[in-house]
>>> print(open('coords_10.txt').read())   # compact mmCIF, C-alpha atoms
# COMPACT_ATOMS: atom_id res chain seq x y z
CA MET A 11 28.31 78.81 -16.25
CA LEU A 12 30.27 78.95 -19.51
CA ARG A 13 29.74 75.22 -20.14
CA ARG A 14 25.99 75.56 -19.58
CA ARG A 15 25.74 78.50 -22.02
CA MET A 16 27.58 76.59 -24.75
CA GLY A 17 25.27 73.56 -24.42
CA TYR A 18 28.07 71.38 -23.10
CA ALA A 19 27.00 68.61 -20.69
CA ASP A 20 29.20 66.50 -18.44
CA PRO A 21 28.92 62.90 -19.78
CA SER A 22 29.08 61.55 -16.25
CA SER A 23 26.24 63.61 -14.92
CA GLY A 24 23.09 61.63 -14.19
CA LYS A 25 24.92 58.35 -14.92
CA ASP A 26 25.19 55.44 -12.49
CA ILE A 27 28.94 54.80 -12.77
CA LEU A 28 29.55 51.57 -10.78
CA GLY A 29 26.21 52.16 -9.16
CA ASN A 30 23.44 49.63 -8.56
CA ARG A 31 22.65 48.95 -12.21
CA SER A 32 26.27 48.50 -13.21
CA LEU A 33 27.03 46.21 -10.29
CA CYS A 34 23.95 44.14 -11.10
CA PHE A 35 25.11 43.79 -14.72
CA ILE A 36 28.60 42.70 -13.60
CA PHE A 37 27.10 40.15 -11.20
CA ILE A 38 24.92 38.63 -13.94
CA CYS A 39 27.90 38.33 -16.30
CA ALA A 40 30.02 36.71 -13.58
CA PHE A 41 27.25 34.24 -12.72
CA GLY A 42 26.88 33.30 -16.39
CA LEU A 43 30.63 32.78 -16.71
CA VAL A 44 30.74 30.53 -13.63
CA THR A 45 27.78 28.49 -14.92
CA LEU A 46 29.49 28.04 -18.29
CA LEU A 47 32.70 26.87 -16.63
CA GLN A 48 30.74 24.35 -14.54
CA GLN A 49 29.13 22.94 -17.66
CA ILE A 50 32.52 22.59 -19.33
CA LEU A 51 34.17 21.02 -16.28
CA TYR A 52 31.41 18.60 -15.35
CA GLY A 53 29.94 17.90 -18.76
CA LYS A 54 32.33 15.02 -19.27
CA ASN A 55 30.47 13.10 -16.56
CA TYR A 56 27.48 12.79 -18.89
CA ILE A 57 29.35 11.40 -21.88
CA LYS A 58 28.77 7.70 -22.31
CA SER A 59 31.82 5.57 -22.81
CA ALA A 60 31.99 1.82 -22.99
CA GLN A 61 33.43 0.39 -19.85
CA GLN A 62 33.14 -3.11 -18.54
CA PHE A 63 33.56 -4.74 -15.21
CA SER A 64 33.33 -8.42 -14.45
CA ARG A 65 33.34 -8.55 -10.67
CA LEU A 66 32.88 -6.18 -7.77
CA LYS A 67 34.27 -7.71 -4.58
CA GLY A 68 33.64 -11.09 -6.16
CA ASP A 69 29.83 -11.14 -6.03
CA GLU A 70 28.49 -9.49 -9.24
CA THR A 71 28.92 -10.23 -12.91
CA GLY A 72 27.83 -8.31 -16.00
CA ASN A 73 28.53 -5.30 -18.17
CA TRP A 74 27.92 -1.68 -17.27
CA THR A 75 28.27 1.09 -19.82
CA GLY A 76 29.19 4.59 -18.78
CA PRO A 77 31.51 6.11 -16.21
CA VAL A 78 31.80 3.88 -13.16
CA ASN A 79 33.40 5.11 -9.95
CA PHE A 80 35.25 2.61 -7.76
CA SER A 81 36.24 3.05 -4.14
CA ASP A 82 39.48 1.66 -2.76
CA ASP A 83 37.83 -1.63 -1.80
CA GLY A 84 36.46 -2.17 -5.30
CA SER A 85 32.84 -1.28 -4.53
CA LEU A 86 30.78 1.22 -6.46
CA LYS A 87 30.70 4.77 -5.20
CA PRO A 88 27.14 6.11 -4.80
CA ALA A 89 26.02 8.45 -7.57
CA ARG A 90 26.27 11.80 -5.83
CA ASN A 91 26.78 15.40 -6.89
CA GLY A 92 25.31 14.84 -10.32
CA ARG A 93 27.54 11.90 -11.26
CA LYS A 94 25.46 9.52 -13.34
CA ARG A 95 25.88 5.86 -14.10
CA TYR A 96 24.39 4.47 -17.26
CA LEU A 97 22.99 1.06 -16.48
CA GLU A 98 20.46 0.65 -19.24
CA ASN A 99 22.64 -1.90 -21.02
CA TYR A 100 23.71 -4.81 -18.88
CA ASP A 101 24.08 -8.51 -19.31
CA GLY A 102 22.01 -10.34 -16.70
CA SER A 103 20.86 -9.10 -13.31
CA TYR A 104 22.60 -8.68 -10.01
CA GLU A 105 21.87 -10.46 -6.78
CA TYR A 106 19.72 -8.64 -4.22
CA ASN A 107 22.47 -8.59 -1.57
CA SER A 108 25.36 -7.80 -3.90
CA THR A 109 27.48 -4.78 -3.09
CA ALA A 110 26.26 -2.85 -6.13
CA CYS A 111 22.60 -3.51 -5.32
CA ARG A 112 22.96 -2.55 -1.68
CA GLU A 113 24.43 0.76 -2.76
CA LEU A 114 21.77 1.33 -5.42
CA ARG A 115 19.06 0.67 -2.86
CA GLN A 116 20.70 3.05 -0.43
CA GLU A 117 20.65 5.80 -3.06
CA ILE A 118 16.87 5.57 -3.14
CA MET A 119 16.49 5.27 0.62
CA ASP A 120 18.59 8.43 0.99
CA VAL A 121 15.70 10.34 -0.61
CA LYS A 122 13.58 10.78 2.50
CA VAL A 123 10.89 12.96 0.93
CA LEU A 124 9.81 13.40 -2.67
CA THR A 125 10.84 17.06 -2.80
CA MET A 126 14.48 16.28 -1.94
CA VAL A 127 15.40 15.54 -5.56
CA LYS A 128 14.24 16.37 -9.04
CA THR A 129 11.88 13.86 -10.61
CA SER A 130 14.48 13.10 -13.28
CA GLU A 131 17.03 12.17 -10.61
CA LEU A 132 14.54 9.90 -8.84
CA PHE A 133 13.80 8.26 -12.21
CA GLU A 134 17.52 7.69 -12.78
CA ARG A 135 17.98 6.03 -9.39
CA TRP A 136 14.94 3.85 -10.04
CA ARG A 137 16.24 2.86 -13.50
CA ASN A 138 19.61 1.96 -12.02
CA LEU A 139 17.96 -0.28 -9.45
CA GLN A 140 16.34 -2.34 -12.21
CA VAL A 141 19.63 -4.21 -12.76
CA CYS A 142 19.05 -5.83 -9.36
CA ARG A 143 16.96 -8.93 -8.96
CA TRP A 144 14.15 -8.20 -6.48
CA GLU A 145 13.95 -10.37 -3.41
CA GLN A 146 11.51 -10.22 -0.53
CA ASN A 147 13.02 -9.07 2.74
CA LYS A 148 11.22 -11.32 5.24
CA GLU A 149 11.99 -9.18 8.27
CA GLU A 150 10.98 -5.86 6.67
CA THR A 151 7.80 -7.42 5.26
CA SER A 152 6.85 -9.02 8.56
CA ASN A 153 7.33 -5.75 10.46
CA PHE A 154 5.28 -3.81 7.93
CA LYS A 155 2.46 -6.36 8.05
CA MET A 156 2.45 -6.20 11.83
CA SER A 157 1.99 -2.43 11.63
CA LEU A 158 -0.93 -2.89 9.25
CA SER A 159 -2.46 -5.56 11.45
CA ARG A 160 -2.38 -3.25 14.46
CA CYS A 161 -3.86 -0.29 12.63
CA CYS A 162 -6.21 -1.74 10.05
CA ASN A 163 -6.68 -5.54 10.30
CA ALA A 164 -8.02 -6.33 6.82
CA PRO A 165 -8.76 -10.02 7.63
CA SER A 166 -11.39 -8.83 10.13
CA PHE A 167 -12.51 -5.38 8.95
CA LEU A 168 -11.88 -4.93 5.22
CA PHE A 169 -15.59 -5.42 4.46
CA THR A 170 -18.71 -4.86 6.54
CA THR A 171 -19.89 -8.29 7.69
CA LYS A 172 -22.58 -9.66 9.94
CA ARG A 173 -19.86 -10.43 12.44
CA ASN A 174 -18.24 -6.99 12.67
CA THR A 175 -21.43 -4.98 12.07
CA PRO A 176 -24.41 -6.63 13.81
CA ALA A 177 -28.02 -5.69 13.08
CA GLY A 178 -29.00 -2.59 15.02
CA THR A 179 -25.54 -1.04 14.71
CA LYS A 180 -25.46 2.68 14.00
CA LEU A 181 -22.77 2.76 11.32
CA ARG A 182 -20.88 6.02 11.02
CA TYR A 183 -19.88 7.14 7.52
CA GLU A 184 -16.24 7.53 6.54
CA VAL A 185 -16.40 11.21 5.58
CA ASP A 186 -19.85 12.36 6.56
CA THR A 187 -19.03 11.68 10.19
CA SER A 188 -22.26 13.33 11.31
CA GLY A 189 -24.19 10.84 9.16
CA ILE A 190 -25.35 7.60 10.75
CA LEU A 191 -26.79 4.59 8.93
CA PRO A 192 -28.87 2.30 11.13
CA ILE A 193 -28.19 -1.30 10.11
CA THR A 194 -31.71 -2.56 9.58
CA THR A 195 -32.62 -6.17 8.94
CA GLU A 196 -32.79 -5.48 5.19
CA VAL A 197 -29.30 -3.94 5.11
CA PHE A 198 -27.92 -6.62 7.40
CA LYS A 199 -29.01 -9.35 4.97
CA MET A 200 -26.70 -7.90 2.29
CA PHE A 201 -23.60 -8.47 4.41
CA PRO A 202 -21.58 -11.71 4.28
CA ASP A 203 -21.51 -13.75 7.46
CA ASP A 204 -17.79 -13.15 7.91
CA MET A 205 -14.74 -11.97 5.98
CA PRO A 206 -14.18 -14.22 2.93
CA TYR A 207 -10.39 -13.86 3.18
CA SER A 208 -7.90 -14.64 5.93
CA LYS A 209 -4.41 -13.50 6.86
CA SER A 210 -1.71 -14.45 4.32
CA GLN A 211 -4.21 -16.76 2.61
CA TYR A 212 -2.56 -16.39 -0.82
CA LYS A 213 1.08 -16.93 -1.70
CA LYS A 214 1.49 -14.50 -4.61
CA CYS A 215 -0.89 -11.63 -5.38
CA ALA A 216 -0.93 -9.07 -8.17
CA VAL A 217 -2.49 -5.64 -7.74
CA ILE A 218 -3.14 -4.00 -11.11
CA GLY A 219 -3.22 -0.23 -11.39
CA ASN A 220 -4.62 1.47 -14.47
CA GLY A 221 -1.60 3.62 -15.29
CA GLY A 222 -0.27 4.06 -18.81
CA ILE A 223 3.03 2.64 -17.54
CA ILE A 224 1.65 -0.87 -18.15
CA LYS A 225 1.10 -0.36 -21.91
CA ASN A 226 3.29 -2.53 -24.16
CA THR A 227 4.82 -4.41 -21.20
CA LYS A 228 3.46 -7.84 -22.17
CA CYS A 229 2.86 -8.58 -18.48
CA GLY A 230 -0.51 -10.29 -19.02
CA LYS A 231 0.70 -13.88 -18.60
CA GLU A 232 2.74 -13.01 -15.54
CA ILE A 233 -0.26 -11.26 -13.95
CA ASP A 234 -2.59 -14.16 -14.72
CA SER A 235 -0.16 -16.58 -13.05
CA ALA A 236 -0.70 -14.94 -9.66
CA ASP A 237 -2.81 -16.74 -7.04
CA PHE A 238 -5.05 -13.70 -6.54
CA VAL A 239 -5.51 -10.63 -8.75
CA PHE A 240 -6.92 -7.26 -7.62
CA ARG A 241 -8.15 -4.63 -10.10
CA CYS A 242 -9.40 -1.06 -9.70
CA ASN A 243 -12.64 0.44 -10.98
CA ILE A 244 -13.72 -2.11 -13.63
CA PRO A 245 -11.02 -1.30 -16.23
CA PRO A 246 -11.12 -2.82 -19.74
CA ILE A 247 -9.40 -6.22 -19.98
CA ASN A 248 -10.54 -7.27 -23.47
CA GLU A 249 -8.28 -8.57 -26.26
CA LYS A 250 -6.99 -5.08 -27.03
CA TYR A 251 -5.32 -4.86 -23.61
CA SER A 252 -5.08 -8.39 -22.22
CA ALA A 253 -1.50 -9.02 -23.45
CA ASP A 254 -0.37 -6.23 -21.14
CA VAL A 255 -2.84 -6.39 -18.24
CA GLY A 256 -4.06 -10.00 -18.26
CA THR A 257 -7.65 -11.08 -17.71
CA LYS A 258 -7.70 -12.92 -14.40
CA THR A 259 -9.64 -11.01 -11.74
CA ASP A 260 -10.54 -12.14 -8.25
CA LEU A 261 -11.59 -8.81 -6.75
CA VAL A 262 -12.43 -5.55 -8.51
CA THR A 263 -13.41 -2.22 -7.00
CA ILE A 264 -16.23 -0.09 -8.38
CA ASN A 265 -16.35 3.62 -7.68
CA PRO A 266 -20.02 4.66 -7.37
CA SER A 267 -19.25 7.68 -9.55
CA ILE A 268 -18.74 5.25 -12.46
CA ILE A 269 -22.24 3.86 -11.95
CA THR A 270 -23.65 7.38 -11.73
CA GLU A 271 -21.90 8.75 -14.83
CA ARG A 272 -21.80 5.72 -17.14
CA PHE A 273 -24.86 3.76 -16.06
CA GLN A 274 -27.32 6.43 -14.87
CA LYS A 275 -27.27 5.17 -11.28
CA LEU A 276 -28.87 1.91 -12.53
CA GLU A 277 -32.22 3.71 -12.41
CA LYS A 278 -33.05 2.72 -15.99
CA TRP A 279 -31.30 0.01 -18.01
CA ARG A 280 -29.23 -2.34 -15.90
CA ARG A 281 -28.16 -4.96 -18.42
CA PRO A 282 -25.27 -2.88 -19.89
CA PHE A 283 -23.68 -2.75 -16.44
CA TYR A 284 -24.34 -6.44 -15.88
CA GLU A 285 -22.63 -7.27 -19.18
CA VAL A 286 -19.58 -5.17 -18.26
CA LEU A 287 -19.20 -7.22 -15.09
CA GLN A 288 -19.36 -10.43 -17.13
CA ASN A 289 -15.86 -9.59 -18.41
CA TYR A 290 -14.55 -10.36 -14.95
CA GLU A 291 -15.97 -13.87 -14.85
CA ASN A 292 -16.74 -14.83 -11.24
CA SER A 293 -14.74 -12.12 -9.51
CA SER A 294 -16.15 -10.39 -6.46
CA VAL A 295 -16.86 -6.67 -6.49
CA VAL A 296 -16.35 -4.20 -3.66
CA LEU A 297 -17.78 -0.70 -3.30
CA PRO A 298 -17.27 2.17 -0.81
CA ALA A 299 -20.99 2.25 0.06
CA PHE A 300 -20.35 4.00 3.35
CA TYR A 301 -17.88 6.63 2.19
CA ASN A 302 -20.66 9.22 2.24
CA THR A 303 -24.45 9.21 2.16
CA ARG A 304 -24.58 9.69 -1.64
CA ASN A 305 -22.74 6.41 -2.26
CA THR A 306 -25.07 4.18 -0.29
CA ASP A 307 -28.14 3.85 -2.52
CA VAL A 308 -26.09 3.50 -5.71
CA SER A 309 -23.92 0.79 -4.13
CA PHE A 310 -26.94 -1.11 -2.82
CA ARG A 311 -28.45 -1.10 -6.33
CA VAL A 312 -25.46 -3.11 -7.56
CA LYS A 313 -26.32 -5.82 -5.05
CA TYR A 314 -30.03 -5.73 -5.92
CA MET A 315 -29.28 -5.87 -9.67
CA LEU A 316 -26.98 -8.89 -9.39
CA ASP A 317 -29.54 -10.68 -7.22
CA ASP A 318 -32.19 -9.98 -9.88
CA PHE A 319 -29.93 -11.58 -12.50
CA ASP A 320 -29.36 -14.59 -10.19
CA SER A 321 -25.64 -13.84 -10.15
CA GLN A 322 -23.45 -15.76 -7.73
CA ARG A 323 -20.91 -12.94 -7.76
CA GLY A 324 -19.90 -11.70 -4.33
CA VAL A 325 -20.78 -8.07 -3.58
CA PHE A 326 -18.98 -6.48 -0.65
CA PHE A 327 -18.87 -3.02 0.93
CA PHE A 328 -15.71 -1.53 2.40
CA HIS A 329 -16.00 -1.04 6.14
CA PRO A 330 -15.81 2.75 6.73
CA GLN A 331 -13.66 2.37 9.84
CA TYR A 332 -11.16 0.27 7.91
CA LEU A 333 -10.84 2.97 5.24
CA LEU A 334 -10.44 5.66 7.91
CA ASN A 335 -7.66 3.66 9.53
CA VAL A 336 -5.95 3.14 6.17
CA GLN A 337 -6.13 6.89 5.51
CA ARG A 338 -4.52 7.64 8.87
CA PHE A 339 -1.85 4.98 8.42
CA TRP A 340 -0.66 6.38 5.09
CA ALA A 341 -0.87 9.98 6.29
CA VAL A 342 1.90 9.09 8.75
CA GLN A 343 3.90 7.77 5.77
CA GLY A 344 3.57 11.13 4.01
CA VAL A 345 0.50 10.44 1.85
CA ARG A 346 -1.67 13.39 2.86
CA ALA A 347 -4.68 13.75 0.62
CA LYS A 348 -8.44 14.09 0.81
CA ARG A 349 -8.56 10.39 0.10
CA VAL A 350 -6.16 7.57 -0.71
CA SER A 351 -6.63 6.02 -4.13
CA SER A 352 -8.49 2.75 -4.76
CA GLY A 353 -5.15 1.25 -5.76
CA LEU A 354 -3.57 2.10 -2.43
CA MET A 355 -6.56 0.63 -0.60
CA LEU A 356 -6.09 -2.65 -2.46
CA VAL A 357 -2.31 -2.71 -1.96
CA THR A 358 -2.89 -2.20 1.77
CA ALA A 359 -5.37 -5.07 1.90
CA ALA A 360 -3.16 -7.31 -0.25
CA LEU A 361 -0.23 -6.89 2.13
CA GLU A 362 -2.28 -8.56 4.86
CA MET A 363 -3.96 -11.16 2.66
CA CYS A 364 -0.92 -12.29 0.68
CA GLU A 365 2.57 -13.54 1.40
CA GLU A 366 4.07 -11.71 -1.60
CA VAL A 367 2.61 -8.66 -3.37
CA HIS A 368 3.44 -7.54 -6.92
CA LEU A 369 2.32 -4.22 -8.40
CA TYR A 370 1.73 -3.49 -12.10
CA GLY A 371 0.41 -0.33 -13.72
CA PHE A 372 1.24 1.97 -10.82
CA TRP A 373 2.87 5.26 -11.78
CA ALA A 374 1.97 8.89 -11.15
CA PHE A 375 4.08 10.87 -13.57
CA PRO A 376 3.49 11.97 -17.18
CA MET A 377 6.73 10.25 -18.23
CA ASN A 378 7.95 6.73 -17.62
CA PRO A 379 11.31 6.16 -15.86
CA SER A 380 13.09 6.50 -19.22
CA GLY A 381 11.62 9.97 -19.76
CA ILE A 382 9.11 8.93 -22.46
CA PHE A 383 5.65 10.50 -22.22
CA ILE A 384 2.84 8.07 -21.37
CA THR A 385 -0.93 8.34 -21.13
CA HIS A 386 -2.53 8.68 -17.71
CA HIS A 387 -4.42 5.37 -18.04
CA TYR A 388 -3.54 2.47 -20.31
CA TYR A 389 -6.94 2.86 -22.02
CA ASP A 390 -7.33 6.69 -22.10
CA ASN A 391 -5.66 9.93 -21.09
CA VAL A 392 -8.37 11.34 -18.82
CA LYS A 393 -6.79 13.05 -15.83
CA PRO A 394 -8.22 12.70 -12.31
CA ARG A 395 -9.75 15.52 -10.36
CA PRO A 396 -6.80 17.64 -9.14
CA GLY A 397 -6.04 17.70 -5.43
CA PHE A 398 -8.16 14.69 -4.47
CA HIS A 399 -5.44 12.01 -4.37
CA ALA A 400 -1.71 12.36 -3.67
CA MET A 401 -0.59 9.91 -6.35
CA PRO A 402 3.10 10.95 -6.59
CA HIS A 403 3.48 10.42 -2.84
CA GLU A 404 1.77 7.04 -3.08
CA ILE A 405 4.18 5.93 -5.81
CA PHE A 406 7.13 7.34 -3.86
CA ASN A 407 6.11 5.09 -0.93
CA PHE A 408 5.82 2.10 -3.28
CA ILE A 409 9.33 2.77 -4.62
CA HIS A 410 10.67 2.82 -1.07
CA MET A 411 8.78 -0.37 -0.19
CA HIS A 412 10.18 -2.08 -3.28
CA THR A 413 13.66 -0.98 -2.25
CA ARG A 414 13.11 -2.41 1.23
CA GLY A 415 11.93 -5.75 -0.20
CA ILE A 416 8.29 -5.40 0.95
CA ILE A 417 6.53 -5.26 -2.42
CA ASN A 418 7.72 -5.76 -6.00
CA VAL A 419 6.87 -2.80 -8.23
CA HIS A 420 6.98 -3.62 -11.96
CA THR A 421 7.46 -0.65 -14.30
CA GLY A 422 9.24 -2.30 -17.22
CA GLN A 423 8.58 -5.06 -19.70
CA CYS A 424 7.91 -8.56 -18.48
CA THR A 425 10.02 -11.36 -19.91
>>> encode(input="coords_10.txt", output="structure tokens")
Amino acid sequence: MLRRRMGYADPSSGKDILGNRSLCFIFICAFGLVTLLQQILYGKNYIKSAQQFSRLKGDETGNWTGPVNFSDDGSLKPARNGRKRYLENYDGSYEYNSTACRELRQEIMDVKVLTMVKTSELFERWRNLQVCRWEQNKEETSNFKMSLSRCCNAPSFLFTTKRNTPAGTKLRYEVDTSGILPITTEVFKMFPDDMPYSKSQYKKCAVIGNGGIIKNTKCGKEIDSADFVFRCNIPPINEKYSADVGTKTDLVTINPSIITERFQKLEKWRRPFYEVLQNYENSSVVLPAFYNTRNTDVSFRVKYMLDDFDSQRGVFFFHPQYLLNVQRFWAVQGVRAKRVSSGLMLVTAALEMCEEVHLYGFWAFPMNPSGIFITHHYYDNVKPRPGFHAMPHEIFNFIHMHTRGIINVHTGQCT
């Protein structure tokens, strides 16, 4: 009572001595201290130091800079627990089946799904693998092609033909499954007699994506040396870009939305579109005419227009059942999207048509493997509609396929 009358207050009253707030503050301080100690202890792993090695178990030669971990038998330890190897500077490349390359490939194969690691860590593992000379794994490639043949069979069903889609057929659309297109005599006449390509017809094929990753690579000559070149959605290949992307084109896809947005559905002037196609010399064009009902008329107009100009260019339409099968095949591989990209469609077809498949311009991240920002396309920075494709998962599959020796993915400069 006396204390209250004199205005004296107990300093501990109403305070949370070692209560919830105090304990929370102590926990935060302890966590910060532990984090700081970890940075001090493990920071040395990120400091580059010159270190050379001439042979690992007698089968590799070259220089590696940065901390290198050796096991008792002289092989490289896998980069785990944040330990990084700096392999940007090396003299020469390593054989596909060397000890170092087997371990580098295993580091990528250990990443079973894209969300297992940070993007930066995946980039680092991919950069490290670039010291290894790529070599096709005949067994892996053969098994993968057999899977594609069973599910999709591009040599028979990539395009609608008179053989696989006779007159009178009621063709079901790829997405508008309730929609049916009767194959009338007029429509039937637009189809080729049979597929123009056969199984493993070409030795070396190049599939060119439109990613900004291909800028300044000087891969044009290498691309043009391929036996067959696929391109997506009539990209620019003029002098401004040809040093990087080449000019040779044997088959190019055309998304009907391009015709709708850039060429007014060919309802008015048609010559501008015809002149764009002239850049691709005598290449064939392929359109998803039977993806949905909206695509059909626009796609047919391309055929009518080229006939009016007496063009000998082949015009083909993807078979809707083939595209459905491709979608299902890649969904099992983890590519779950409303629709696979045009690039993935072409890579899938190329794997059946070609003995060896090389990819250029395929990347799905805003930075290249070295962490440098790149444009979305090599010719602009227009982003795609979000949520339609699953591009990172497509690229993740390509990286795995490269690692397994099925396809060769090029993301650096060409020599």
>>> closest_residue(input="coords_10.txt", among="A:Arg143, A:Arg323, A:His368, A:His386", to="Val239 (chain A)", atoms="all atoms listed in the file")
A:His368
>>> residues_around(input="coords_10.txt", residues="Val121 (chain A)", least_positions_apart="6", cutoff="12 Å", atoms="only C-alpha atoms", output="count of residues only")
16
>>> residues_around(input="coords_10.txt", residues="region 277-288 of chain A", least_positions_apart="2", cutoff="8 Å", atoms="all atoms listed in the file", output="ChimeraX atom specification")
/A:244,273-275,290-292,315-316
>>> closest_residue(input="coords_10.txt", among="A:Ser152, A:Asn107, A:Thr187, A:Asn335", to="Thr303 (chain A)", atoms="all atoms listed in the file")
A:Thr187
>>> closest_residue(input="coords_10.txt", among="A:Cys215, A:Leu124, A:Val392, A:Glu105", to="Val345 (chain A)", atoms="all atoms listed in the file")
A:Leu124
>>> closest_residue(input="coords_10.txt", among="A:Tyr388, A:Phe167, A:Tyr106, A:Tyr332", to="Cys142 (chain A)", atoms="all atoms listed in the file")
A:Tyr106
>>> closest_residue(input="coords_10.txt", among="A:Thr385, A:Asn302, A:Ser166, A:Thr151", to="Ile223 (chain A)", atoms="all atoms listed in the file")
A:Thr385
>>> atom_distance(input="coords_10.txt", atom1="CA of Asp390 (chain A)", atom2="CA of Ile405 (chain A)")
20.0 Å
>>> residues_near_point(input="coords_10.txt", point="(2.7, 6.5, 5.8)", cutoff="12 Å", atoms="all atoms listed in the file", output="PyMOL selection string")
chain A and resi 123+154+157-158+161+335-347+350+354+358+400+403-408+410-411
>>> atom_distance(input="coords_10.txt", atom1="CA of Tyr389 (chain A)", atom2="CA of Asp260 (chain A)")
20.7 Å
>>> axis_aligned_box(input="coords_10.txt", around="region 376-388 of chain A", padding_each_side="5 Å", output="lines of an AutoDock Vina configuration file")
center_x = 4.3
center_y = 7.2
center_z = -19.2
size_x = 27.5
size_y = 19.5
size_z = 16.6
>>> atom_distance(input="coords_10.txt", atom1="CA of Ser380 (chain A)", atom2="CA of Pro396 (chain A)")
24.9 Å
>>> build_atoms(input="coords_10.txt", residues="region 267-280 of chain A", atoms="N, CA, C and O atoms", output="PDB file, keeping the file's coordinate frame")
ATOM      1  N   SER A 267     -19.159   6.624  -8.534  1.00  0.00           N
ATOM      2  CA  SER A 267     -19.250   7.680  -9.550  1.00  0.00           C
ATOM      3  C   SER A 267     -19.298   7.091 -10.955  1.00  0.00           C
ATOM      4  O   SER A 267     -19.904   7.669 -11.862  1.00  0.00           O
ATOM      5  N   ILE A 268     -18.682   5.918 -11.158  1.00  0.00           N
ATOM      6  CA  ILE A 268     -18.740   5.250 -12.460  1.00  0.00           C
ATOM      7  C   ILE A 268     -20.182   4.827 -12.765  1.00  0.00           C
ATOM      8  O   ILE A 268     -20.674   4.990 -13.885  1.00  0.00           O
ATOM      9  N   ILE A 269     -20.840   4.283 -11.767  1.00  0.00           N
ATOM     10  CA  ILE A 269     -22.240   3.860 -11.950  1.00  0.00           C
ATOM     11  C   ILE A 269     -23.118   5.064 -12.224  1.00  0.00           C
ATOM     12  O   ILE A 269     -24.031   5.013 -13.060  1.00  0.00           O
ATOM     13  N   THR A 270     -22.847   6.162 -11.541  1.00  0.00           N
ATOM     14  CA  THR A 270     -23.650   7.380 -11.730  1.00  0.00           C
ATOM     15  C   THR A 270     -23.445   7.959 -13.117  1.00  0.00           C
ATOM     16  O   THR A 270     -24.415   8.300 -13.806  1.00  0.00           O
ATOM     17  N   GLU A 271     -22.201   8.064 -13.572  1.00  0.00           N
ATOM     18  CA  GLU A 271     -21.900   8.750 -14.830  1.00  0.00           C
ATOM     19  C   GLU A 271     -22.104   7.862 -16.056  1.00  0.00           C
ATOM     20  O   GLU A 271     -22.589   8.339 -17.087  1.00  0.00           O
ATOM     21  N   ARG A 272     -21.734   6.592 -15.969  1.00  0.00           N
ATOM     22  CA  ARG A 272     -21.800   5.720 -17.140  1.00  0.00           C
ATOM     23  C   ARG A 272     -23.070   4.892 -17.219  1.00  0.00           C
ATOM     24  O   ARG A 272     -23.486   4.478 -18.310  1.00  0.00           O
ATOM     25  N   PHE A 273     -23.703   4.675 -16.068  1.00  0.00           N
ATOM     26  CA  PHE A 273     -24.860   3.760 -16.060  1.00  0.00           C
ATOM     27  C   PHE A 273     -26.090   4.367 -15.385  1.00  0.00           C
ATOM     28  O   PHE A 273     -26.972   3.646 -14.932  1.00  0.00           O
ATOM     29  N   GLN A 274     -26.148   5.695 -15.357  1.00  0.00           N
ATOM     30  CA  GLN A 274     -27.320   6.430 -14.870  1.00  0.00           C
ATOM     31  C   GLN A 274     -27.855   5.906 -13.535  1.00  0.00           C
ATOM     32  O   GLN A 274     -29.061   5.773 -13.323  1.00  0.00           O
ATOM     33  N   LYS A 275     -26.943   5.621 -12.642  1.00  0.00           N
ATOM     34  CA  LYS A 275     -27.270   5.170 -11.280  1.00  0.00           C
ATOM     35  C   LYS A 275     -28.068   3.865 -11.253  1.00  0.00           C
ATOM     36  O   LYS A 275     -28.670   3.520 -10.239  1.00  0.00           O
ATOM     37  N   LEU A 276     -28.097   3.157 -12.394  1.00  0.00           N
ATOM     38  CA  LEU A 276     -28.870   1.910 -12.530  1.00  0.00           C
ATOM     39  C   LEU A 276     -30.367   2.156 -12.323  1.00  0.00           C
ATOM     40  O   LEU A 276     -31.108   1.244 -11.969  1.00  0.00           O
ATOM     41  N   GLU A 277     -30.797   3.382 -12.564  1.00  0.00           N
ATOM     42  CA  GLU A 277     -32.220   3.710 -12.410  1.00  0.00           C
ATOM     43  C   GLU A 277     -33.014   3.303 -13.638  1.00  0.00           C
ATOM     44  O   GLU A 277     -34.233   3.154 -13.560  1.00  0.00           O
ATOM     45  N   LYS A 278     -32.337   3.111 -14.774  1.00  0.00           N
ATOM     46  CA  LYS A 278     -33.050   2.720 -15.990  1.00  0.00           C
ATOM     47  C   LYS A 278     -32.561   1.338 -16.420  1.00  0.00           C
ATOM     48  O   LYS A 278     -32.863   0.337 -15.789  1.00  0.00           O
ATOM     49  N   TRP A 279     -31.768   1.299 -17.507  1.00  0.00           N
ATOM     50  CA  TRP A 279     -31.300   0.010 -18.010  1.00  0.00           C
ATOM     51  C   TRP A 279     -30.153  -0.507 -17.150  1.00  0.00           C
ATOM     52  O   TRP A 279     -29.196   0.206 -16.871  1.00  0.00           O
ATOM     53  N   ARG A 280     -30.239  -1.745 -16.770  1.00  0.00           N
ATOM     54  CA  ARG A 280     -29.230  -2.340 -15.900  1.00  0.00           C
ATOM     55  C   ARG A 280     -28.377  -3.385 -16.614  1.00  0.00           C
ATOM     56  O   ARG A 280     -27.283  -3.704 -16.165  1.00  0.00           O
TER      57      ARG A 280
END
